[in-house]
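Colleague: Okay, handing you the structure first.
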Amino acid sequence: MNASTNESELDKLNTALEEGAFRQIRYTLNKTLRPSEVAHLIEKSPPKERRLLWSMIHKDIEADVLQELGDDVKSEILSKMNTSEVLAISESLETDDLADMMQQLPETVMHELLRSMDHQNRERLEKVLSYPEDTAGGLMNTDTITIRPDITIEAALRYLRRHAELPDMTDSLFVVSRKDTYIGSLPLTRMLVSDPSSTVREMMVTDKPPIPADMEDTLVAKLFEQEDLVSAPVVDEDGQLLGRITIDDVVDVIREDADHSLMSMAGLDEDEDTFAPIMKTTRRRAVWLGINLITAFLASAVIGLFEETIGKVVALAVLMPIVASMGGIAGSQVLTLMIRGQALGHVERSNAGWLLNREMVVGALNGVLWALVVAVIAIIWFQDLTIGIIIACAIIINLFAAALAGTMLPIILKAWGIDPALAGSVLLTTITDVVGFFAFLGLATFFYS
């Protein structure tokens, strides 16, 4: 189903919801749309319609839909389920998806779920849960197919045929020793065209190292991108095979990182539900507004230092926002570029100096250009040459400071273990406001005193 067809089906479903055509809705949800499309429909629906849609989904596709939902919406739906319903859904989930779901369950339900599992599945799940969610170990799935290096290709093919089906995204078999130490991988494409009498050891690939279980998920995503991987083995510190990561999990990481960068700029969670309850949304936003209020008072305090000067020259109050705004926009451009560069792995200490020099020159050139434009406008507007000189100098100073802050803040914050996307914009705005006001009003005090 292409994108236009998908939108057409969703539009029809929305119309059916409005008309109360529940039979048509149930058929569309369970027979026409894919699980990802059903999840999209649920996420774009207000809470009341969301509960109605979920109640119409067949039990046999609930697990598929649930794992496509964002964390906030998934948590909301799970909170409305009883233990038996959660247990039924868990049977259809892969280990990594089940581990993600477990972290959103009440403790009592989690323990009940673990008790209901057989020893092998419980051991697999506990292995995944023992690693942080944002590491390779937290991403991995323990559903792998392993073979020994000393068997023939023909024997390996017979072994595969005994499986009713292969795990999703299986593009390679992992070669391990008798102690489960990872040795290499055997791509299925190579296996199918190899001499059946050849041994696995002769045909396997050993030039691609496995992924350590404690590797950060963002680094895993970069590795998949650089190597064009579909799946990759995950090993512990002793080199024992723990599981594998597949491309669908990496796509989720990339999407979450993109959401995180966007939402963090406004101090929001990347899993923020568009239709979250009023009080929950209010609490989340209140913290960020409080932080911004503190920085606003700091900028206001700087303005207060020059109250007497502002009282003498009314034009200063009119032109002040221009200086702060120009610095804020210029700094945001640099900050966004640097945060993106960090996310892509382009920005490092070795090239930070070059970037800083480049941005300082760009800031100075843009400062001079727009300082002249604003100065001419201010002189014509207020018939005062002095006010034009003051605002021109203030803009050059502030754009220079914006370039410096926008370049250095992400590097400094990352070195301190603070997320630049979350804290960078607040600090940058504070710096450009304070520097802009201080430069503008300080120069005005000097010239008009």
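FYI, nothing fancy with the structure tokens labels: chains A, B, ... in order, residues from 1 per chain, ligands from 1 as they appear.
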Would you mind listing what lies within 8 Å of Leu399 of chain A as a PyMOL selection string, with only C-alpha atoms counted and same-chain residues fewer than 3 positions away left out?

Modeller: chain A and resi 326-327+330-331+363-364+366-367+395-396+402-403

Colleague: For the selection you just gave me, I'd like the residues written to a file as a compact mmCIF listing (two decimals), in the first residue's frame, keeping all heavy atoms.

Modeller:
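Listed below is the output, part.txt:
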```txt
# COMPACT_ATOMS: atom_id res chain seq x y z
N MET A 326 18.76 39.44 16.75
CA MET A 326 19.78 39.12 15.75
C MET A 326 20.81 38.14 16.32
O MET A 326 21.21 37.17 15.66
CB MET A 326 20.48 40.40 15.29
CG MET A 326 19.61 41.31 14.45
SD MET A 326 19.18 40.62 12.85
CE MET A 326 20.73 40.77 11.97
N GLY A 327 21.22 38.37 17.56
CA GLY A 327 22.17 37.46 18.20
C GLY A 327 21.58 36.08 18.42
O GLY A 327 22.25 35.06 18.21
N ALA A 330 21.34 34.19 14.99
CA ALA A 330 22.67 33.81 14.52
C ALA A 330 23.25 32.68 15.35
O ALA A 330 23.83 31.72 14.82
CB ALA A 330 23.60 35.03 14.56
N GLY A 331 23.08 32.77 16.67
CA GLY A 331 23.58 31.72 17.55
C GLY A 331 22.86 30.40 17.34
O GLY A 331 23.49 29.33 17.36
N GLY A 363 30.45 35.12 11.63
CA GLY A 363 29.74 36.01 12.55
C GLY A 363 30.16 37.46 12.38
O GLY A 363 29.33 38.37 12.39
N ALA A 364 31.47 37.67 12.20
CA ALA A 364 31.97 39.04 12.02
C ALA A 364 31.47 39.65 10.71
O ALA A 364 31.04 40.81 10.68
CB ALA A 364 33.49 39.02 12.05
N ASN A 366 28.76 38.75 8.89
CA ASN A 366 27.32 39.00 8.98
C ASN A 366 27.04 40.17 9.93
O ASN A 366 26.11 40.95 9.72
CB ASN A 366 26.59 37.75 9.47
CG ASN A 366 26.06 36.92 8.32
OD1 ASN A 366 25.62 37.46 7.31
ND2 ASN A 366 26.10 35.61 8.47
N GLY A 367 27.86 40.27 10.99
CA GLY A 367 27.69 41.37 11.93
C GLY A 367 27.88 42.72 11.27
O GLY A 367 27.07 43.63 11.44
N ILE A 395 25.41 45.15 17.53
CA ILE A 395 25.08 43.98 16.69
C ILE A 395 26.33 43.20 16.33
O ILE A 395 26.36 41.96 16.37
CB ILE A 395 24.31 44.43 15.43
CG1 ILE A 395 22.88 44.80 15.82
CG2 ILE A 395 24.31 43.33 14.38
CD1 ILE A 395 22.04 45.32 14.67
N ILE A 396 27.40 43.92 15.99
CA ILE A 396 28.66 43.23 15.65
C ILE A 396 29.16 42.43 16.86
O ILE A 396 29.55 41.26 16.74
CB ILE A 396 29.72 44.26 15.21
CG1 ILE A 396 29.32 44.87 13.87
CG2 ILE A 396 31.10 43.58 15.10
CD1 ILE A 396 30.22 46.02 13.43
N ALA A 402 27.57 35.37 19.64
CA ALA A 402 26.66 34.28 19.27
C ALA A 402 27.41 33.16 18.55
O ALA A 402 27.18 31.97 18.79
CB ALA A 402 25.54 34.81 18.38
N ALA A 403 28.34 33.55 17.66
CA ALA A 403 29.14 32.55 16.94
C ALA A 403 30.02 31.77 17.91
O ALA A 403 30.14 30.54 17.81
CB ALA A 403 30.00 33.24 15.88
```

Colleague: Rank A:Asp72, A:Glu18, A:Asp143, A:Glu94 by their smallest atom-to-atom distance to Arg244 of chain A, using only C-alpha atoms, and report the top residue only.

Modeller: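 Using only C-alpha atoms, the shortest distance to Arg244 of chain A belongs to A:Asp143.
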
Colleague: Excluding segment 180-189 of chain A and its own-chain neighbours fewer than 4 positions away, which residues fall within 6 Å of it when counting only C-alpha atoms? Please give them as number ranges by chain.

Modeller: A: 171-176, 204-206, 239-241

Colleague: With N, CA, C and O atoms retained, export the selected residues as an mmCIF file, in the first residue's frame.

Modeller:
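The new file selection18.cif reads:
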```cif
data_model
loop_
_atom_site.group_PDB
_atom_site.id
_atom_site.type_symbol
_atom_site.label_atom_id
_atom_site.label_comp_id
_atom_site.auth_asym_id
_atom_site.auth_seq_id
_atom_site.Cartn_x
_atom_site.Cartn_y
_atom_site.Cartn_z
ATOM 1 N N ASP A 171 19.993 -12.571 7.603
ATOM 2 C CA ASP A 171 20.785 -12.514 6.375
ATOM 3 C C ASP A 171 22.092 -13.279 6.524
ATOM 4 O O ASP A 171 22.807 -13.510 5.551
ATOM 5 N N SER A 172 22.400 -13.680 7.785
ATOM 6 C CA SER A 172 23.634 -14.421 8.049
ATOM 7 C C SER A 172 23.412 -15.403 9.192
ATOM 8 O O SER A 172 22.546 -15.186 10.059
ATOM 9 N N LEU A 173 24.196 -16.464 9.200
ATOM 10 C CA LEU A 173 24.242 -17.375 10.343
ATOM 11 C C LEU A 173 25.509 -17.047 11.120
ATOM 12 O O LEU A 173 26.544 -16.717 10.526
ATOM 13 N N PHE A 174 25.438 -17.138 12.426
ATOM 14 C CA PHE A 174 26.599 -16.794 13.243
ATOM 15 C C PHE A 174 27.370 -18.057 13.616
ATOM 16 O O PHE A 174 26.787 -19.046 14.088
ATOM 17 N N VAL A 175 28.662 -18.006 13.396
ATOM 18 C CA VAL A 175 29.531 -19.151 13.648
ATOM 19 C C VAL A 175 30.125 -19.000 15.051
ATOM 20 O O VAL A 175 30.744 -17.981 15.368
ATOM 21 N N VAL A 176 29.922 -20.021 15.875
ATOM 22 C CA VAL A 176 30.399 -19.966 17.261
ATOM 23 C C VAL A 176 31.140 -21.250 17.614
ATOM 24 O O VAL A 176 30.970 -22.289 16.971
ATOM 25 N N MET A 204 33.111 -18.723 5.850
ATOM 26 C CA MET A 204 32.611 -17.679 6.754
ATOM 27 C C MET A 204 33.405 -16.375 6.614
ATOM 28 O O MET A 204 34.523 -16.342 6.100
ATOM 29 N N VAL A 205 32.793 -15.289 7.082
ATOM 30 C CA VAL A 205 33.389 -13.952 7.040
ATOM 31 C C VAL A 205 33.892 -13.609 8.436
ATOM 32 O O VAL A 205 33.159 -13.744 9.422
ATOM 33 N N THR A 206 35.132 -13.147 8.518
ATOM 34 C CA THR A 206 35.707 -12.830 9.833
ATOM 35 C C THR A 206 36.240 -11.401 9.919
ATOM 36 O O THR A 206 36.781 -10.998 10.942
ATOM 37 N N GLY A 239 33.586 -12.153 24.624
ATOM 38 C CA GLY A 239 33.444 -12.563 23.238
ATOM 39 C C GLY A 239 32.367 -13.589 22.990
ATOM 40 O O GLY A 239 32.244 -14.115 21.880
ATOM 41 N N GLN A 240 31.548 -13.898 24.006
ATOM 42 C CA GLN A 240 30.463 -14.862 23.823
ATOM 43 C C GLN A 240 29.278 -14.199 23.137
ATOM 44 O O GLN A 240 28.919 -13.065 23.457
ATOM 45 N N LEU A 241 28.687 -14.923 22.195
ATOM 46 C CA LEU A 241 27.547 -14.397 21.453
ATOM 47 C C LEU A 241 26.330 -14.273 22.368
ATOM 48 O O LEU A 241 25.932 -15.241 23.017
#
```

Colleague: Which is closer to Thr246 of chain A than all the others in A:Thr386, A:Thr282, A:Ser197, A:Asn141, using only C-alpha atoms?

Modeller: A:Asn141

Colleague: Show me, as a list in words, the residues that have an atom within 10 Å of Ser300 of chain A when counting only C-alpha atoms, minus same-chain residues fewer than 5 positions from it.

Modeller: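 Skipping anything fewer than 5 positions along the chain leaves Ile294, Thr295, Leu305, Asp433, Val434 and Phe437 of chain A.
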
Colleague: Which of these residues is nearest to Asp252 of chain A, using only C-alpha atoms: A:Ala324, A:Ala221, A:Ile153, A:Val234?

Modeller: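 Comparing A:Ala324, A:Ala221, A:Ile153, A:Val234 against Asp252 of chain A, the winner is A:Ala221.
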
Colleague: From the options A:Glu19, A:Asp249, A:Glu154, A:Glu216, which residue's atoms come nearest to Val193 of chain A, counting only C-alpha atoms?

Modeller: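 Comparing A:Glu19, A:Asp249, A:Glu154, A:Glu216 against Val193 of chain A, the winner is A:Glu154.
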
Colleague: Could you jot down the atom CA of Leu41 of chain A to atom CA of Leu53 of chain A separation for me, Å, one decimal place?

Modeller: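 Computing the Euclidean distance for atom CA of Leu41 of chain A and atom CA of Leu53 of chain A yields 8.7 Å.
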
Colleague: Pull the helix (DSSP H, G or I) assignments for segment 95-272 of chain A out of DSSP run on the backbone, and list those residues as an NGL selection string.

Modeller: :A and (95-102 or 107-116 or 119-129 or 136-139 or 153-161 or 188-193 or 200-203 or 217-227 or 247-264)

Colleague: Work out how far apart atom CA of Asp150 of chain A and atom CA of Pro212 of chain A are and give it in Å to one decimal.

Modeller: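 Calculated distance between atom CA of Asp150 of chain A and atom CA of Pro212 of chain A is 25.2 Å.
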
Colleague: Would you list the contacts of Ala296 of chain A as number ranges by chain, taking every protein, DNA or RNA residue within 12 Å and counting only C-alpha atoms, but skipping same-chain residues closer than 3 positions in sequence?

Modeller: A: 289-293, 299-303, 426-427, 429-434

Colleague: Can those selected residues be exported to a file as a PDB file, in the first residue's frame so that it contains C-alpha atoms?

Modeller:
```
ATOM      1  CA  LEU A 289       9.065  27.398  31.467  1.00  0.00           C
ATOM      2  CA  GLY A 290      10.484  27.825  34.969  1.00  0.00           C
ATOM      3  CA  ILE A 291      14.044  27.449  33.690  1.00  0.00           C
ATOM      4  CA  ASN A 292      13.392  29.979  30.948  1.00  0.00           C
ATOM      5  CA  LEU A 293      11.879  32.379  33.488  1.00  0.00           C
ATOM      6  CA  ALA A 299      18.409  39.440  31.046  1.00  0.00           C
ATOM      7  CA  SER A 300      15.967  41.813  32.746  1.00  0.00           C
ATOM      8  CA  ALA A 301      18.479  42.433  35.524  1.00  0.00           C
ATOM      9  CA  VAL A 302      21.015  43.577  32.916  1.00  0.00           C
ATOM     10  CA  ILE A 303      18.442  45.977  31.459  1.00  0.00           C
ATOM     11  CA  VAL A 426      18.516  27.959  26.889  1.00  0.00           C
ATOM     12  CA  LEU A 427      22.137  28.853  27.591  1.00  0.00           C
ATOM     13  CA  THR A 429      19.534  32.564  24.461  1.00  0.00           C
ATOM     14  CA  THR A 430      20.723  33.747  27.866  1.00  0.00           C
ATOM     15  CA  ILE A 431      24.199  34.572  26.527  1.00  0.00           C
ATOM     16  CA  THR A 432      22.977  36.456  23.443  1.00  0.00           C
ATOM     17  CA  ASP A 433      20.364  38.379  25.460  1.00  0.00           C
ATOM     18  CA  VAL A 434      22.792  39.370  28.208  1.00  0.00           C
TER      19      VAL A 434
END
```

Colleague: Suppose you want the space between atom CA of Val73 of chain A and atom CA of Ala136 of chain A; what is it in Å?

Modeller: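 Rounded to one decimal, the two atoms are 24.4 Å apart.
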
Colleague: What's the 10 Å shell around Ser90 of chain A, counting only C-alpha atoms, without same-chain residues fewer than 2 positions away, as a ChimeraX atom specification?

Modeller: /A:62-63,84-88,92-95,97-99,101-102,113,117

Colleague: Can you tell me which residues surround Leu219 of chain A at a distance of at most 10 Å, considering only C-alpha atoms, apart from same-chain residues fewer than 4 positions away, and format the answer as a list in words?

Modeller: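 With the cut-off at 10 Å, the set is Thr135, Ala136, Ile211, Met215, Leu223, Phe224, Glu225, Ala343, Leu344 and Gly345 of chain A.
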
Colleague: Please save all heavy atoms of the selected residues as a JSON list (two decimals), in the first residue's frame.

Modeller:
```json
[["chain", "number", "residue", "atom", "x", "y", "z"],
["A", 135, "THR", "N", 21.81, 0.82, 24.90],
["A", 135, "THR", "CA", 23.03, 0.14, 24.50],
["A", 135, "THR", "C", 22.70, -0.98, 23.52],
["A", 135, "THR", "O", 21.54, -1.34, 23.34],
["A", 135, "THR", "CB", 23.77, -0.47, 25.71],
["A", 135, "THR", "OG1", 22.92, -1.47, 26.31],
["A", 135, "THR", "CG2", 24.09, 0.61, 26.75],
["A", 136, "ALA", "N", 23.76, -1.54, 22.93],
["A", 136, "ALA", "CA", 23.57, -2.66, 22.00],
["A", 136, "ALA", "C", 22.89, -3.84, 22.70],
["A", 136, "ALA", "O", 22.03, -4.51, 22.12],
["A", 136, "ALA", "CB", 24.91, -3.10, 21.42],
["A", 211, "ILE", "N", 29.56, -6.54, 17.66],
["A", 211, "ILE", "CA", 29.27, -5.32, 18.42],
["A", 211, "ILE", "C", 29.32, -5.62, 19.91],
["A", 211, "ILE", "O", 28.63, -6.53, 20.38],
["A", 211, "ILE", "CB", 27.88, -4.78, 18.03],
["A", 211, "ILE", "CG1", 27.88, -4.36, 16.56],
["A", 211, "ILE", "CG2", 27.47, -3.61, 18.92],
["A", 211, "ILE", "CD1", 26.52, -3.92, 16.05],
["A", 215, "MET", "N", 28.06, -1.05, 23.82],
["A", 215, "MET", "CA", 28.19, 0.06, 22.86],
["A", 215, "MET", "C", 26.90, 0.89, 22.86],
["A", 215, "MET", "O", 25.79, 0.34, 22.89],
["A", 215, "MET", "CB", 28.45, -0.48, 21.46],
["A", 215, "MET", "CG", 28.57, 0.63, 20.40],
["A", 215, "MET", "SD", 28.83, 0.00, 18.72],
["A", 215, "MET", "CE", 30.57, -0.40, 18.75],
["A", 223, "LEU", "N", 27.34, 2.58, 12.88],
["A", 223, "LEU", "CA", 28.02, 1.40, 12.33],
["A", 223, "LEU", "C", 27.17, 0.74, 11.25],
["A", 223, "LEU", "O", 27.68, 0.35, 10.19],
["A", 223, "LEU", "CB", 28.31, 0.40, 13.46],
["A", 223, "LEU", "CG", 29.13, -0.83, 13.10],
["A", 223, "LEU", "CD1", 30.52, -0.43, 12.63],
["A", 223, "LEU", "CD2", 29.23, -1.78, 14.29],
["A", 224, "PHE", "N", 25.88, 0.61, 11.49],
["A", 224, "PHE", "CA", 24.97, 0.03, 10.49],
["A", 224, "PHE", "C", 24.96, 0.88, 9.22],
["A", 224, "PHE", "O", 24.92, 0.36, 8.11],
["A", 224, "PHE", "CB", 23.56, -0.09, 11.06],
["A", 224, "PHE", "CG", 23.26, -1.42, 11.68],
["A", 224, "PHE", "CD1", 23.87, -1.81, 12.85],
["A", 224, "PHE", "CD2", 22.38, -2.30, 11.08],
["A", 224, "PHE", "CE1", 23.61, -3.05, 13.43],
["A", 224, "PHE", "CE2", 22.10, -3.54, 11.64],
["A", 224, "PHE", "CZ", 22.72, -3.91, 12.82],
["A", 225, "GLU", "N", 24.98, 2.21, 9.41],
["A", 225, "GLU", "CA", 24.97, 3.11, 8.26],
["A", 225, "GLU", "C", 26.26, 2.99, 7.46],
["A", 225, "GLU", "O", 26.23, 2.89, 6.23],
["A", 225, "GLU", "CB", 24.80, 4.55, 8.75],
["A", 225, "GLU", "CG", 24.83, 5.58, 7.62],
["A", 225, "GLU", "CD", 24.95, 7.00, 8.14],
["A", 225, "GLU", "OE1", 25.03, 7.20, 9.37],
["A", 225, "GLU", "OE2", 24.98, 7.92, 7.30],
["A", 343, "ALA", "N", 25.91, 14.74, 16.20],
["A", 343, "ALA", "CA", 25.08, 13.55, 16.01],
["A", 343, "ALA", "C", 25.60, 12.68, 14.87],
["A", 343, "ALA", "O", 25.52, 11.44, 14.94],
["A", 343, "ALA", "CB", 23.63, 13.97, 15.74],
["A", 344, "LEU", "N", 26.16, 13.32, 13.84],
["A", 344, "LEU", "CA", 26.68, 12.57, 12.69],
["A", 344, "LEU", "C", 28.12, 12.12, 12.91],
["A", 344, "LEU", "O", 28.68, 11.41, 12.07],
["A", 344, "LEU", "CB", 26.61, 13.45, 11.43],
["A", 344, "LEU", "CG", 25.20, 13.81, 10.93],
["A", 344, "LEU", "CD1", 25.30, 14.80, 9.78],
["A", 344, "LEU", "CD2", 24.44, 12.56, 10.50],
["A", 345, "GLY", "N", 28.73, 12.56, 14.01],
["A", 345, "GLY", "CA", 30.11, 12.20, 14.28],
["A", 345, "GLY", "C", 31.12, 13.04, 13.52],
["A", 345, "GLY", "O", 32.29, 12.67, 13.40]]
```

Colleague: Measuring atom to atom with only C-alpha atoms, identify which of A:Arg358, A:Asn30, A:Ser116, A:Asp100 is nearest to Glu133 of chain A.

Modeller: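 So, comparing all the options, the nearest one is A:Asp100.
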
Colleague: Give the answer as one residue: which of A:Ala439, A:Ile391, A:Val220, A:Leu229 has the shortest atom-to-atom distance to Ala378 of chain A, using only C-alpha atoms?

Modeller: A:Ile391

Colleague: Pull the strand (DSSP E) assignments for segment 218-421 of chain A out of DSSP run on the backbone, and list those residues as an NGL selection string.

Modeller: :A and (231-235 or 241-246)

Colleague: Write a file of the just-selected residues containing N, CA, C and O atoms, as a CSV table (one decimal), in the first residue's frame.

Modeller:
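Okay, part_31.csv is ready:
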```csv
chain,number,residue,atom,x,y,z
A,231,SER,N,21.9,-7.0,9.7
A,231,SER,CA,22.0,-7.5,11.1
A,231,SER,C,23.4,-7.6,11.5
A,231,SER,O,24.3,-7.7,10.7
A,232,ALA,N,23.6,-7.7,12.9
A,232,ALA,CA,25.0,-7.8,13.4
A,232,ALA,C,25.0,-8.5,14.7
A,232,ALA,O,24.1,-8.3,15.5
A,233,PRO,N,26.0,-9.3,15.0
A,233,PRO,CA,26.1,-10.0,16.2
A,233,PRO,C,26.5,-9.1,17.4
A,233,PRO,O,27.2,-8.2,17.2
A,234,VAL,N,26.0,-9.5,18.6
A,234,VAL,CA,26.3,-8.7,19.8
A,234,VAL,C,27.0,-9.7,20.8
A,234,VAL,O,26.5,-10.8,21.0
A,235,VAL,N,28.2,-9.3,21.3
A,235,VAL,CA,28.9,-10.2,22.2
A,235,VAL,C,29.2,-9.5,23.6
A,235,VAL,O,29.1,-8.3,23.7
A,241,LEU,N,28.7,-14.9,22.2
A,241,LEU,CA,27.5,-14.4,21.5
A,241,LEU,C,26.3,-14.3,22.4
A,241,LEU,O,25.9,-15.2,23.0
A,242,LEU,N,25.7,-13.1,22.4
A,242,LEU,CA,24.5,-12.8,23.2
A,242,LEU,C,23.3,-12.8,22.4
A,242,LEU,O,22.2,-13.2,22.8
A,243,GLY,N,23.4,-12.2,21.2
A,243,GLY,CA,22.2,-12.1,20.3
A,243,GLY,C,22.6,-11.3,19.1
A,243,GLY,O,23.8,-11.3,18.7
A,244,ARG,N,21.6,-10.6,18.5
A,244,ARG,CA,21.9,-9.9,17.3
A,244,ARG,C,21.0,-8.6,17.3
A,244,ARG,O,20.0,-8.6,17.9
A,245,ILE,N,21.5,-7.6,16.5
A,245,ILE,CA,20.7,-6.4,16.3
A,245,ILE,C,20.3,-6.4,14.8
A,245,ILE,O,21.1,-6.7,14.0
A,246,THR,N,19.1,-6.0,14.6
A,246,THR,CA,18.6,-6.0,13.2
A,246,THR,C,18.3,-4.6,12.8
A,246,THR,O,18.1,-3.7,13.6
```
